[in-house]
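**Q** Take a look at run_17.txt, compact mmCIF, C-alpha atoms:
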```txt
# COMPACT_ATOMS: atom_id res chain seq x y z
CA MET A 157 -31.06 26.57 4.65
CA ASN A 158 -30.18 23.90 2.17
CA THR A 159 -30.48 24.79 -1.42
CA PRO A 160 -29.14 21.85 -3.31
CA SER A 161 -28.16 22.02 -6.90
CA GLU A 162 -31.48 22.96 -8.46
CA THR A 163 -29.79 25.95 -10.03
CA GLY A 164 -27.36 23.68 -11.80
CA ASP A 165 -24.43 24.79 -9.70
CA VAL A 166 -21.32 22.80 -10.21
CA LEU A 167 -18.96 22.05 -7.42
CA PRO A 168 -16.13 24.51 -7.10
CA VAL A 169 -13.05 22.56 -8.07
CA SER A 170 -9.70 24.19 -7.60
CA GLU A 171 -7.40 23.67 -10.55
CA ALA A 172 -4.57 22.14 -8.58
CA SER A 173 -6.74 19.38 -7.23
CA ALA A 174 -8.86 18.83 -10.31
CA ILE A 175 -7.20 15.61 -11.41
CA LYS A 176 -6.09 13.66 -8.39
CA SER A 177 -8.72 11.23 -7.13
CA VAL A 178 -10.21 11.70 -3.68
CA LYS A 179 -9.57 8.73 -1.39
CA CYS A 180 -11.63 9.84 1.59
CA VAL A 181 -14.61 12.14 2.08
CA VAL A 182 -14.67 13.71 5.55
CA TRP A 183 -18.15 14.67 6.71
CA ASP A 184 -19.29 17.25 9.22
CA LEU A 185 -22.44 16.13 11.03
CA ASP A 186 -24.75 19.00 12.14
CA HIS A 187 -26.40 20.69 9.15
CA THR A 188 -24.21 18.62 6.81
CA LEU A 189 -24.92 14.92 7.25
CA TRP A 190 -28.15 15.64 9.07
CA THR A 191 -30.39 18.65 9.67
CA GLY A 192 -30.42 20.08 13.20
CA VAL A 193 -27.86 20.30 15.98
CA LEU A 194 -27.51 17.11 17.99
CA ALA A 195 -25.95 18.71 21.08
CA GLU A 196 -28.81 21.21 21.32
CA GLY A 197 -31.31 18.39 21.65
CA ASP A 198 -32.71 18.63 18.12
CA ASP A 199 -34.35 15.55 16.73
CA VAL A 200 -31.88 15.41 13.87
CA VAL A 201 -32.97 14.01 10.50
CA LEU A 202 -30.68 12.52 7.90
CA LYS A 203 -30.42 14.62 4.74
CA PRO A 204 -32.39 13.08 1.85
CA GLY A 205 -30.36 10.68 -0.28
CA LEU A 206 -27.45 10.60 2.13
CA GLY A 207 -27.53 6.85 2.75
CA GLU A 208 -27.38 6.19 -0.98
CA ILE A 209 -24.47 8.60 -1.45
CA LEU A 210 -22.46 6.88 1.28
CA TYR A 211 -23.28 3.49 -0.20
CA GLN A 212 -22.19 4.57 -3.68
CA LEU A 213 -18.96 6.18 -2.50
CA ASP A 214 -18.13 3.09 -0.48
CA ASN A 215 -18.83 0.93 -3.50
CA ARG A 216 -16.40 3.01 -5.56
CA GLY A 217 -13.69 2.30 -3.04
CA ILE A 218 -13.82 5.83 -1.62
CA LEU A 219 -13.54 5.95 2.16
CA ASN A 220 -15.68 8.07 4.46
CA SER A 221 -14.84 9.65 7.78
CA ILE A 222 -16.24 12.28 10.13
CA CYS A 223 -14.91 15.48 11.60
CA SER A 224 -17.49 17.07 13.87
CA ARG A 225 -17.84 19.10 17.05
CA ASN A 226 -20.07 16.90 19.15
CA ASP A 227 -20.06 14.45 22.00
CA HIS A 228 -18.42 11.36 20.53
CA ALA A 229 -20.68 8.78 22.19
CA ASP A 230 -23.91 10.65 21.40
CA ALA A 231 -22.98 11.16 17.77
CA MET A 232 -21.89 7.55 17.27
CA ARG A 233 -25.14 6.35 18.86
CA LYS A 234 -27.12 8.50 16.47
CA LEU A 235 -25.14 7.23 13.47
CA ALA A 236 -25.77 3.66 14.64
CA GLN A 237 -29.52 4.42 14.78
CA PHE A 238 -29.33 5.57 11.17
CA GLY A 239 -27.48 2.35 10.34
CA LEU A 240 -24.49 4.28 9.06
CA ALA A 241 -21.87 3.93 11.81
CA GLU A 242 -19.83 1.26 10.06
CA TYR A 243 -19.25 3.43 7.00
CA PHE A 244 -16.95 5.82 8.83
CA LEU A 245 -13.28 5.13 9.48
CA TYR A 246 -11.49 6.88 12.34
CA PRO A 247 -14.32 9.36 13.06
CA GLN A 248 -12.97 12.48 14.81
CA ILE A 249 -15.79 13.72 16.99
CA ASP A 250 -14.73 16.09 19.76
CA TRP A 251 -14.62 19.79 20.55
CA GLY A 252 -11.21 20.52 19.07
CA ALA A 253 -10.18 22.32 15.89
CA LYS A 254 -11.30 20.61 12.69
CA SER A 255 -7.87 20.99 11.13
CA VAL A 256 -6.55 18.75 13.91
CA GLY A 257 -9.25 16.15 13.30
CA ILE A 258 -8.48 16.18 9.57
CA ALA A 259 -4.77 15.70 10.27
CA LYS A 260 -5.55 12.68 12.46
CA ILE A 261 -7.71 11.09 9.78
CA GLN A 262 -5.00 11.68 7.19
CA SER A 263 -2.33 10.10 9.35
CA ARG A 264 -4.44 7.09 10.42
CA LEU A 265 -5.46 6.29 6.86
CA ASP A 266 -1.93 6.95 5.66
CA VAL A 267 -3.11 8.76 2.50
CA GLY A 268 -1.99 12.08 1.05
CA MET A 269 -3.57 15.26 2.44
CA ASP A 270 -4.44 16.19 -1.15
CA THR A 271 -6.66 13.11 -1.43
CA LEU A 272 -9.10 14.30 1.26
CA LEU A 273 -12.33 16.16 0.59
CA PHE A 274 -14.05 17.90 3.50
CA ILE A 275 -17.75 18.69 3.37
CA GLU A 276 -19.03 21.17 5.92
CA ASP A 277 -21.80 23.77 6.19
CA GLN A 278 -19.96 26.50 8.12
CA PRO A 279 -17.65 28.81 6.13
CA PHE A 280 -15.56 29.43 9.24
CA GLU A 281 -14.73 25.74 9.64
CA ARG A 282 -13.94 25.34 5.95
CA ASP A 283 -11.64 28.33 6.12
CA GLU A 284 -9.88 27.02 9.21
CA VAL A 285 -9.21 23.66 7.54
CA ARG A 286 -8.17 25.34 4.29
CA ALA A 287 -5.76 27.62 6.14
CA MET A 288 -4.01 24.70 7.84
CA HIS A 289 -4.29 22.22 4.97
CA PRO A 290 -4.45 24.08 1.65
CA SER A 291 -4.51 20.86 -0.35
CA VAL A 292 -7.75 19.61 1.24
CA GLU A 293 -10.69 20.40 -1.00
CA CYS A 294 -13.43 22.01 1.12
CA VAL A 295 -16.97 21.74 -0.20
CA PRO A 296 -20.01 23.58 1.21
CA ALA A 297 -22.63 21.18 2.60
CA GLU A 298 -25.32 22.46 0.23
CA PHE A 299 -23.58 20.70 -2.65
CA TYR A 300 -23.75 17.25 -1.09
CA LEU A 301 -26.12 15.89 -3.72
CA ASP A 302 -23.54 16.64 -6.42
CA LEU A 303 -20.80 14.59 -4.78
CA LEU A 304 -21.43 11.49 -6.86
CA ASP A 305 -20.85 13.51 -10.04
CA HIS A 306 -17.75 15.24 -8.73
CA PRO A 307 -14.87 14.57 -11.15
CA ARG A 308 -12.50 13.63 -8.34
CA LEU A 309 -14.98 11.18 -6.86
CA ARG A 310 -15.70 9.26 -9.99
CA ALA A 311 -14.14 5.89 -9.66
CA ALA A 312 -12.18 5.18 -12.81
CA ILE A 313 -13.02 1.54 -12.40
CA THR A 314 -15.14 -0.32 -9.91
CA THR A 315 -13.68 -3.61 -8.83
CA GLU A 316 -14.52 -6.15 -6.19
CA ASP A 317 -11.46 -4.95 -4.32
CA ALA A 318 -12.57 -1.32 -4.44
CA GLY A 319 -15.86 -2.24 -2.81
CA ARG A 320 -13.99 -4.02 -0.04
CA ARG A 321 -11.50 -1.26 0.63
CA ARG A 322 -13.22 -0.04 3.80
CA LEU A 323 -13.34 -3.56 5.26
CA MET A 324 -9.67 -3.94 4.53
CA TYR A 325 -8.95 -0.77 6.47
CA LEU A 326 -10.95 -2.16 9.38
CA HIS A 327 -8.95 -5.41 9.28
CA GLU A 328 -5.77 -3.38 9.07
CA GLN A 329 -6.84 -1.40 12.14
CA ALA A 330 -7.22 -4.66 14.10
CA ARG A 331 -3.88 -5.97 12.87
CA ARG A 332 -2.08 -2.77 13.76
CA GLN A 333 -3.43 -2.79 17.30
CA ASP A 334 -2.26 -6.38 17.78
CA GLU A 335 1.11 -5.66 16.20
CA GLU A 336 1.73 -2.68 18.47
CA SER A 337 1.12 -4.78 21.56
CA PHE A 338 3.21 -7.69 20.24
CA VAL A 339 6.61 -8.38 21.81
CA GLY A 340 9.18 -9.85 19.43
CA THR A 341 10.65 -9.37 15.94
CA PRO A 342 8.38 -8.37 13.03
CA GLU A 343 8.97 -11.85 11.56
CA ALA A 344 7.73 -13.44 14.79
CA PHE A 345 4.59 -11.33 14.62
CA LEU A 346 4.06 -12.33 11.00
CA SER A 347 4.08 -15.99 11.99
CA THR A 348 1.04 -15.37 14.22
CA LEU A 349 -1.01 -14.11 11.26
CA ALA A 350 -1.48 -17.46 9.48
CA MET A 351 -0.92 -15.80 6.10
CA ARG A 352 -1.95 -17.55 2.92
CA PHE A 353 -0.69 -16.47 -0.48
CA VAL A 354 -2.43 -17.86 -3.57
CA ILE A 355 -0.90 -17.47 -7.03
CA SER A 356 -3.22 -18.13 -9.95
CA ARG A 357 -3.69 -17.30 -13.60
CA ALA A 358 -5.62 -14.05 -14.06
CA GLN A 359 -9.22 -14.54 -15.14
CA GLU A 360 -11.55 -12.18 -16.99
CA ALA A 361 -13.00 -11.06 -13.65
CA ASP A 362 -9.52 -10.03 -12.47
CA LEU A 363 -8.73 -7.72 -15.37
CA LEU A 364 -10.14 -4.51 -13.92
CA ARG A 365 -8.34 -5.11 -10.65
CA ALA A 366 -5.17 -5.91 -12.57
CA GLU A 367 -5.49 -2.62 -14.45
CA GLU A 368 -6.12 -0.81 -11.17
CA LEU A 369 -2.99 -2.37 -9.70
CA THR A 370 -0.81 -1.16 -12.55
CA ILE A 371 -2.21 2.36 -12.10
CA ARG A 372 -2.15 2.63 -8.32
CA THR A 373 1.06 0.82 -7.45
CA ASN A 374 4.19 2.94 -7.34
CA GLN A 375 6.60 1.76 -4.68
CA LEU A 376 6.57 -1.94 -5.45
CA ASN A 377 6.42 -1.66 -9.19
CA ALA A 378 9.30 -2.94 -11.29
CA THR A 379 8.66 -0.90 -14.41
CA GLY A 380 5.97 1.71 -13.75
CA ILE A 381 4.28 0.70 -17.01
CA THR A 382 0.50 0.81 -16.88
CA TYR A 383 -1.70 -1.52 -18.87
CA ASP A 384 -5.40 -1.10 -19.52
CA SER A 385 -7.76 -4.04 -19.32
CA ASP A 386 -7.78 -4.51 -23.12
CA ASP A 387 -3.98 -4.87 -23.18
CA LEU A 388 -4.20 -7.30 -20.31
CA ARG A 389 -7.00 -9.30 -21.93
CA ARG A 390 -4.89 -9.74 -25.04
CA LEU A 391 -1.85 -10.81 -23.03
CA MET A 392 -4.00 -13.18 -20.99
CA ALA A 393 -5.01 -14.98 -24.18
CA SER A 394 -1.50 -15.07 -25.62
CA PRO A 395 0.21 -18.48 -25.53
CA MET A 396 3.54 -16.63 -25.27
CA HIS A 397 2.55 -15.02 -21.99
CA SER A 398 1.38 -15.85 -18.51
CA LEU A 399 -0.48 -13.25 -16.51
CA LEU A 400 -0.41 -14.22 -12.85
CA ILE A 401 -2.34 -12.63 -10.02
CA CYS A 402 -1.94 -13.15 -6.27
CA GLU A 403 -4.28 -12.93 -3.35
CA LEU A 404 -3.14 -12.59 0.24
CA SER A 405 -5.26 -13.37 3.28
CA ASP A 406 -4.64 -13.91 6.97
CA ARG A 407 -6.67 -14.64 10.07
CA TYR A 408 -8.19 -11.14 10.01
CA GLY A 409 -9.45 -11.40 6.46
CA SER A 410 -8.38 -10.94 2.86
CA TYR A 411 -6.09 -8.20 1.57
CA GLY A 412 -7.63 -8.83 -1.83
CA LYS A 413 -5.71 -9.28 -5.06
CA ILE A 414 -2.38 -7.67 -4.27
CA GLY A 415 0.19 -8.86 -6.77
CA LEU A 416 0.57 -9.13 -10.51
CA ALA A 417 3.22 -10.55 -12.81
CA LEU A 418 3.41 -10.70 -16.57
CA LEU A 419 5.74 -13.37 -17.85
CA GLU A 420 6.84 -13.67 -21.46
CA HIS A 421 7.97 -17.14 -22.45
CA GLN A 422 10.97 -17.12 -24.76
CA ALA A 423 12.87 -20.17 -25.94
CA GLN A 424 15.64 -19.87 -23.41
CA TYR A 425 14.25 -17.44 -20.91
CA ASP A 426 11.20 -16.58 -18.93
CA TYR A 427 11.08 -12.81 -19.13
CA ILE A 428 9.37 -10.83 -16.36
CA ARG A 429 7.79 -7.86 -18.15
CA LEU A 430 5.79 -6.65 -15.21
CA LEU A 431 6.00 -7.31 -11.50
CA LEU A 432 4.17 -5.40 -8.84
CA MET A 433 2.84 -5.80 -5.33
CA SER A 434 0.26 -3.55 -3.70
CA CYS A 435 1.59 -1.19 -1.04
CA ARG A 436 -0.89 -2.79 1.36
CA THR A 437 1.54 -5.65 1.73
CA VAL A 438 4.72 -3.69 2.44
CA SER A 439 4.86 -4.60 6.11
CA ARG A 440 3.87 -8.21 5.54
CA GLY A 441 7.18 -9.54 4.25
CA VAL A 442 5.61 -11.02 1.13
CA GLY A 443 7.41 -8.80 -1.37
CA SER A 444 9.63 -11.56 -2.69
CA VAL A 445 7.13 -14.44 -2.65
CA LEU A 446 5.91 -13.97 -6.21
CA LEU A 447 9.46 -13.42 -7.44
CA THR A 448 10.61 -16.57 -5.65
CA HIS A 449 7.83 -18.50 -7.36
CA LEU A 450 8.93 -17.22 -10.78
CA MET A 451 12.50 -18.27 -10.02
CA GLN A 452 11.45 -21.76 -8.94
CA ARG A 453 9.19 -22.09 -11.97
CA ALA A 454 11.89 -21.11 -14.47
CA ARG A 455 14.41 -23.42 -12.86
CA ALA A 456 11.99 -26.36 -12.88
CA ARG A 457 11.47 -25.83 -16.63
CA GLY A 458 15.19 -25.56 -17.31
CA LYS A 459 14.94 -21.95 -18.41
CA GLY A 460 16.81 -18.82 -17.48
CA LEU A 461 15.09 -15.86 -15.89
CA ARG A 462 15.31 -12.23 -16.91
CA ALA A 463 13.35 -9.18 -15.84
CA ASP A 464 12.69 -5.67 -17.08
CA PHE A 465 13.30 -3.00 -14.53
CA ARG A 466 12.89 0.75 -14.73
CA ARG A 467 14.07 2.77 -11.79
CA THR A 468 11.61 5.46 -10.72
CA ASP A 469 11.80 7.93 -7.84
CA ARG A 470 9.62 5.69 -5.74
CA ASN A 471 10.43 2.06 -6.43
CA ARG A 472 13.67 1.64 -4.52
CA GLN A 473 12.11 -1.19 -2.54
CA MET A 474 11.53 -3.16 -5.72
CA LEU A 475 15.18 -2.65 -6.65
CA VAL A 476 16.15 -3.98 -3.22
CA THR A 477 13.83 -6.97 -3.72
CA TYR A 478 15.46 -7.88 -7.03
CA GLN A 479 19.05 -7.26 -6.02
CA PHE A 480 18.77 -8.96 -2.64
CA SER A 481 17.14 -11.92 -4.35
CA GLY A 482 20.33 -12.34 -6.36
CA PHE A 483 19.38 -10.69 -9.65
CA ARG A 484 22.19 -8.92 -11.50
CA GLU A 485 21.99 -6.13 -14.00
CA ILE A 486 23.14 -7.38 -17.41
CA GLU A 487 22.07 -4.50 -19.58
CA ARG A 488 21.40 -0.82 -19.08
CA ASN A 489 19.61 1.40 -21.58
CA ASP A 490 18.82 5.09 -21.43
CA ASP A 491 15.92 6.40 -19.37
CA ARG A 492 16.90 4.24 -16.39
CA ARG A 493 15.76 0.99 -17.94
CA THR A 494 17.75 -2.09 -17.08
CA VAL A 495 17.54 -5.82 -17.61
CA PHE A 496 18.12 -8.13 -14.65
CA GLU A 497 19.13 -11.75 -14.81
CA HIS A 498 19.23 -14.47 -12.17
CA ASP A 499 21.54 -17.47 -12.61
CA LEU A 500 19.11 -19.64 -10.56
CA ALA A 501 22.04 -21.49 -8.97
CA VAL A 502 20.60 -20.84 -5.54
CA VAL A 503 16.89 -20.18 -5.17
CA GLN A 504 15.56 -19.36 -1.74
CA GLY A 505 12.40 -21.04 -0.46
CA PHE A 506 9.26 -19.24 0.64
CA PRO A 507 9.21 -17.49 4.01
CA PRO A 508 8.33 -19.94 6.78
CA TYR A 509 5.54 -17.73 8.11
CA ILE A 510 3.47 -17.89 4.94
CA ASP A 511 1.56 -20.66 3.28
CA VAL A 512 1.96 -20.41 -0.51
CA LEU A 513 -0.48 -22.13 -2.83
CA ILE A 514 0.21 -22.34 -6.56
CA ASP A 515 -3.23 -22.60 -8.11
CA TYR A 516 -2.66 -23.02 -11.84
CA MET B 134 30.54 0.12 14.09
CA ARG B 135 30.73 -3.68 13.88
CA GLU B 136 29.18 -4.03 17.35
CA LYS B 137 26.27 -1.83 16.39
CA ILE B 138 25.59 -3.91 13.28
CA ARG B 139 25.99 -7.15 15.24
CA GLU B 140 23.47 -5.99 17.80
CA PHE B 141 20.90 -5.21 15.10
CA ILE B 142 21.39 -8.59 13.44
CA MET B 143 21.18 -10.52 16.71
CA ALA B 144 17.93 -8.75 17.51
CA ASN B 145 16.39 -9.35 14.10
CA VAL B 146 17.55 -12.70 12.81
CA ASN B 147 16.22 -15.81 14.47
CA VAL B 148 19.43 -17.32 15.84
CA ASP B 149 19.97 -19.22 19.09
CA GLU B 150 20.47 -16.90 22.00
CA ASP B 151 23.97 -18.21 22.73
CA THR B 152 25.14 -17.95 19.12
CA VAL B 153 27.31 -14.92 18.51
CA VAL B 154 27.33 -13.75 14.93
CA LYS B 155 30.96 -13.47 13.83
CA ASP B 156 32.29 -10.75 11.54
CA ASP B 157 32.58 -13.11 8.60
CA ASP B 158 29.42 -15.18 9.13
CA ASN B 159 27.08 -15.05 6.19
CA ILE B 160 23.88 -13.87 7.85
CA PHE B 161 21.76 -14.98 4.94
CA ARG B 162 22.81 -18.57 5.65
CA LEU B 163 22.21 -18.38 9.41
CA GLY B 164 18.50 -18.44 9.23
CA TYR B 165 15.71 -17.34 7.03
CA VAL B 166 16.06 -13.71 6.00
CA SER B 167 13.00 -12.10 4.51
CA SER B 168 12.66 -9.30 2.00
CA LEU B 169 11.26 -7.29 4.89
CA PHE B 170 14.50 -7.84 6.80
CA ALA B 171 16.59 -6.84 3.80
CA MET B 172 14.82 -3.50 3.59
CA ARG B 173 15.08 -2.95 7.36
CA LEU B 174 18.77 -3.80 7.31
CA LEU B 175 19.39 -1.27 4.55
CA ASN B 176 17.38 1.37 6.40
CA PHE B 177 19.26 0.59 9.61
CA ILE B 178 22.67 0.94 7.95
CA GLU B 179 21.72 4.20 6.26
CA ALA B 180 20.14 5.76 9.35
CA SER B 181 22.81 4.62 11.82
CA PHE B 182 25.78 5.77 9.79
CA ALA B 183 24.19 8.69 7.98
CA ILE B 184 24.85 7.42 4.48
CA THR B 185 22.75 6.77 1.39
CA VAL B 186 23.70 3.62 -0.43
CA ASP B 187 23.79 3.94 -4.23
CA ASP B 188 21.65 1.61 -6.32
CA GLU B 189 24.73 -0.24 -7.58
CA ASP B 190 25.78 -1.15 -4.05
CA ILE B 191 22.42 -2.53 -2.99
CA ALA B 192 23.55 -6.12 -3.45
CA LEU B 193 23.51 -9.20 -1.31
CA VAL B 194 27.29 -9.43 -1.30
CA ASN B 195 27.61 -6.05 0.42
CA PHE B 196 25.23 -7.04 3.21
CA SER B 197 25.96 -10.71 3.74
CA THR B 198 28.55 -10.33 6.52
CA ILE B 199 29.32 -7.78 9.18
CA ASP B 200 32.72 -7.29 7.54
CA ALA B 201 31.12 -6.51 4.18
CA MET B 202 28.74 -3.98 5.71
CA ALA B 203 31.55 -2.29 7.64
CA LYS B 204 33.54 -2.05 4.43
CA LEU B 205 30.58 -0.58 2.58
CA VAL B 206 29.96 2.04 5.26
CA GLY B 207 33.69 2.86 5.31
CA LYS B 208 33.66 3.47 1.58
CA TYR B 209 30.83 6.00 1.80
CA ARG B 210 32.37 7.75 4.75
CA THR B 211 35.71 8.36 3.04
CA ASP B 212 34.18 9.09 -0.36
CA ARG B 213 32.12 12.05 0.69
```
Transcribe the structure of this file into structure tokens.
**A**
Amino acid sequence: MNTPSETGDVLPVSEASAIKSVKCVVWDLDHTLWTGVLAEGDDVVLKPGLGEILYQLDNRGILNSICSRNDHADAMRKLAQFGLAEYFLYPQIDWGAKSVGIAKIQSRLDVGMDTLLFIEDQPFERDEVRAMHPSVECVPAEFYLDLLDHPRLRAAITTEDAGRRRLMYLHEQARRQDEESFVGTPEAFLSTLAMRFVISRAQEADLLRAEELTIRTNQLNATGITYDSDDLRRLMASPMHSLLICELSDRYGSYGKIGLALLEHQAQYDYIRLLLMSCRTVSRGVGSVLLTHLMQRARARGKGLRADFRRTDRNRQMLVTYQFSGFREIERNDDRRTVFEHDLAVVQGFPPYIDVLIDY
Amino acid sequence: MREKIREFIMANVNVDEDTVVKDDDNIFRLGYVSSLFAMRLLNFIEASFAITVDDEDIALVNFSTIDAMAKLVGKYRTDR
């Protein structure tokens, strides 16, 4: 019943979703991931090439999940036998409607509905999901071999962090469970994490991740300006600039490289041209750590500190970070661009619950 | 209004249990206040009093004491 793409079929891509990258592929099991029906006692066999496809998607930083009508324990056991169980985040395996399973995956991963792709052999199930979630791209199972060439599944860049994205979600799952059962203020919980924040000069190997950060970060981005790795490489080599990158880790594991700052050194001022923190860190109370470092650094060198800021619809939190840190607007241009300055009279220390290491 | 704000601060800033935060105490000097707290405080004020604080008013000085926050909320309530 499977007629893969020998005819040169291309995946049907709806126009609305043609550009936005897919963050998670949701797989049906029977007749999609494997041939046969598990619950009917078939000796199911993995579709050819499936392991490689999952490996490649994972490597691109694209997550995988499952939405299948089956007995949860039986299906997970079978996936474990195939050596694939750990690839799937929040698998939804039960007898309920698939649209409900998809909604659960979307909410657990905390990604947009329009970043999910659902692959399933039965037209009825695809239609049911499409009816409830029109922005989910639904792909017939027979096209599974074409997934790696799908325009929305091509990773723009592959970075070390992309390859670790699934592990980070697993760590985050563990953290969230512990946080939910924790009694006390969020700050008190943070102090149990043994967080470590390392600030270092960006290296060649960091450039792709740095580019990725400028593209993917919206909420905690001071200017919304994106830089490609060539721009960043040039700035990295410039004696007038410092390109700093931060890594955060805690007792569960690393969050990866999560912060970036571009500093321009002028005679009287250090000028922050770019400041961003990955949204992964929003609940970790580390938003102002990098900024605090830049303030301490400028003060120690007897310089002033200024920063470019461009208000977007989504970066209110960055505005709060600057203004609550004591920055004041000294200049406002058109198109919502402003310049902030800090008098550095009072510079706060680092949060007590985090160990900051300046490694440059 | 002041009591509601006081309650939130007492629950979220690490102060001794028998310390009562006064209306003119600078909460940012009482103990360490994180960027996370700043955002939560803003969200709390906006949600509790059904206001949206303009960018210009998101400043430390408007949130440093209970008095300042009460004044800020009062301004938005009479303005609109």
**Q** I need the residue nearest chain A from this list: B:Leu169, B:Val153, B:Ile199, B:Val194. Use all atoms listed in the file for the distance.
**A**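 Of B:Leu169, B:Val153, B:Ile199, B:Val194, the one nearest chain A, counting all atoms listed in the file, is B:Leu169.
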**Q** Residues of chain A that have any atom at most 8 Å from an atom of chain B: could you tabulate them with the shortest-distance atom pair and the distance in Å to one decimal, using only C-alpha atoms, ordered by chain and increasing number, as a tab-separated table?
**A**
```
residue	atom	partner	partner_atom	distance
A:Thr341	CA	B:Asn145	CA	6.0
A:Val438	CA	B:Leu169	CA	7.9
A:Ser439	CA	B:Leu169	CA	7.0
A:Arg440	CA	B:Leu169	CA	7.5
A:Gly441	CA	B:Leu169	CA	4.7
A:Val442	CA	B:Ser168	CA	7.3
A:Gly443	CA	B:Ser168	CA	6.3
A:Ser444	CA	B:Ser168	CA	6.0
A:Gln473	CA	B:Met172	CA	7.1
A:Leu475	CA	B:Asp188	CA	7.8
A:Val476	CA	B:Ile191	CA	6.4
A:Thr477	CA	B:Ser168	CA	6.3
A:Gln479	CA	B:Ala192	CA	5.3
A:Phe480	CA	B:Leu193	CA	4.9
A:Ser481	CA	B:Leu193	CA	7.6
A:Gly482	CA	B:Leu193	CA	6.7
A:Pro507	CA	B:Ser167	CA	6.6
A:Pro508	CA	B:Tyr165	CA	7.8
```
**Q** Could you check the closest approach to Ser221 of chain A for each of A:Ala259, A:Leu240, A:Val182, A:Ala366 and tell me which residue wins, using only C-alpha atoms?
**A**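 Checking each candidate against Ser221 of chain A, we get A:Val182 as the closest.
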**Q** What is the atom CA of Thr382 of chain A to atom CA of Lys459 of chain A distance in Å?
**A**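 Spanning atom CA of Thr382 of chain A to atom CA of Lys459 of chain A is a straight-line distance of 27.0 Å.
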**Q** If we count all atoms listed in the file, what is near Glu179 of chain B at a cut-off of 12 Å, once residues fewer than 2 positions away on the same chain are taken out, given as an NGL selection string?
**A** :B and (138 or 172-177 or 181-187 or 191 or 202-203 or 205-206 or 209-210)
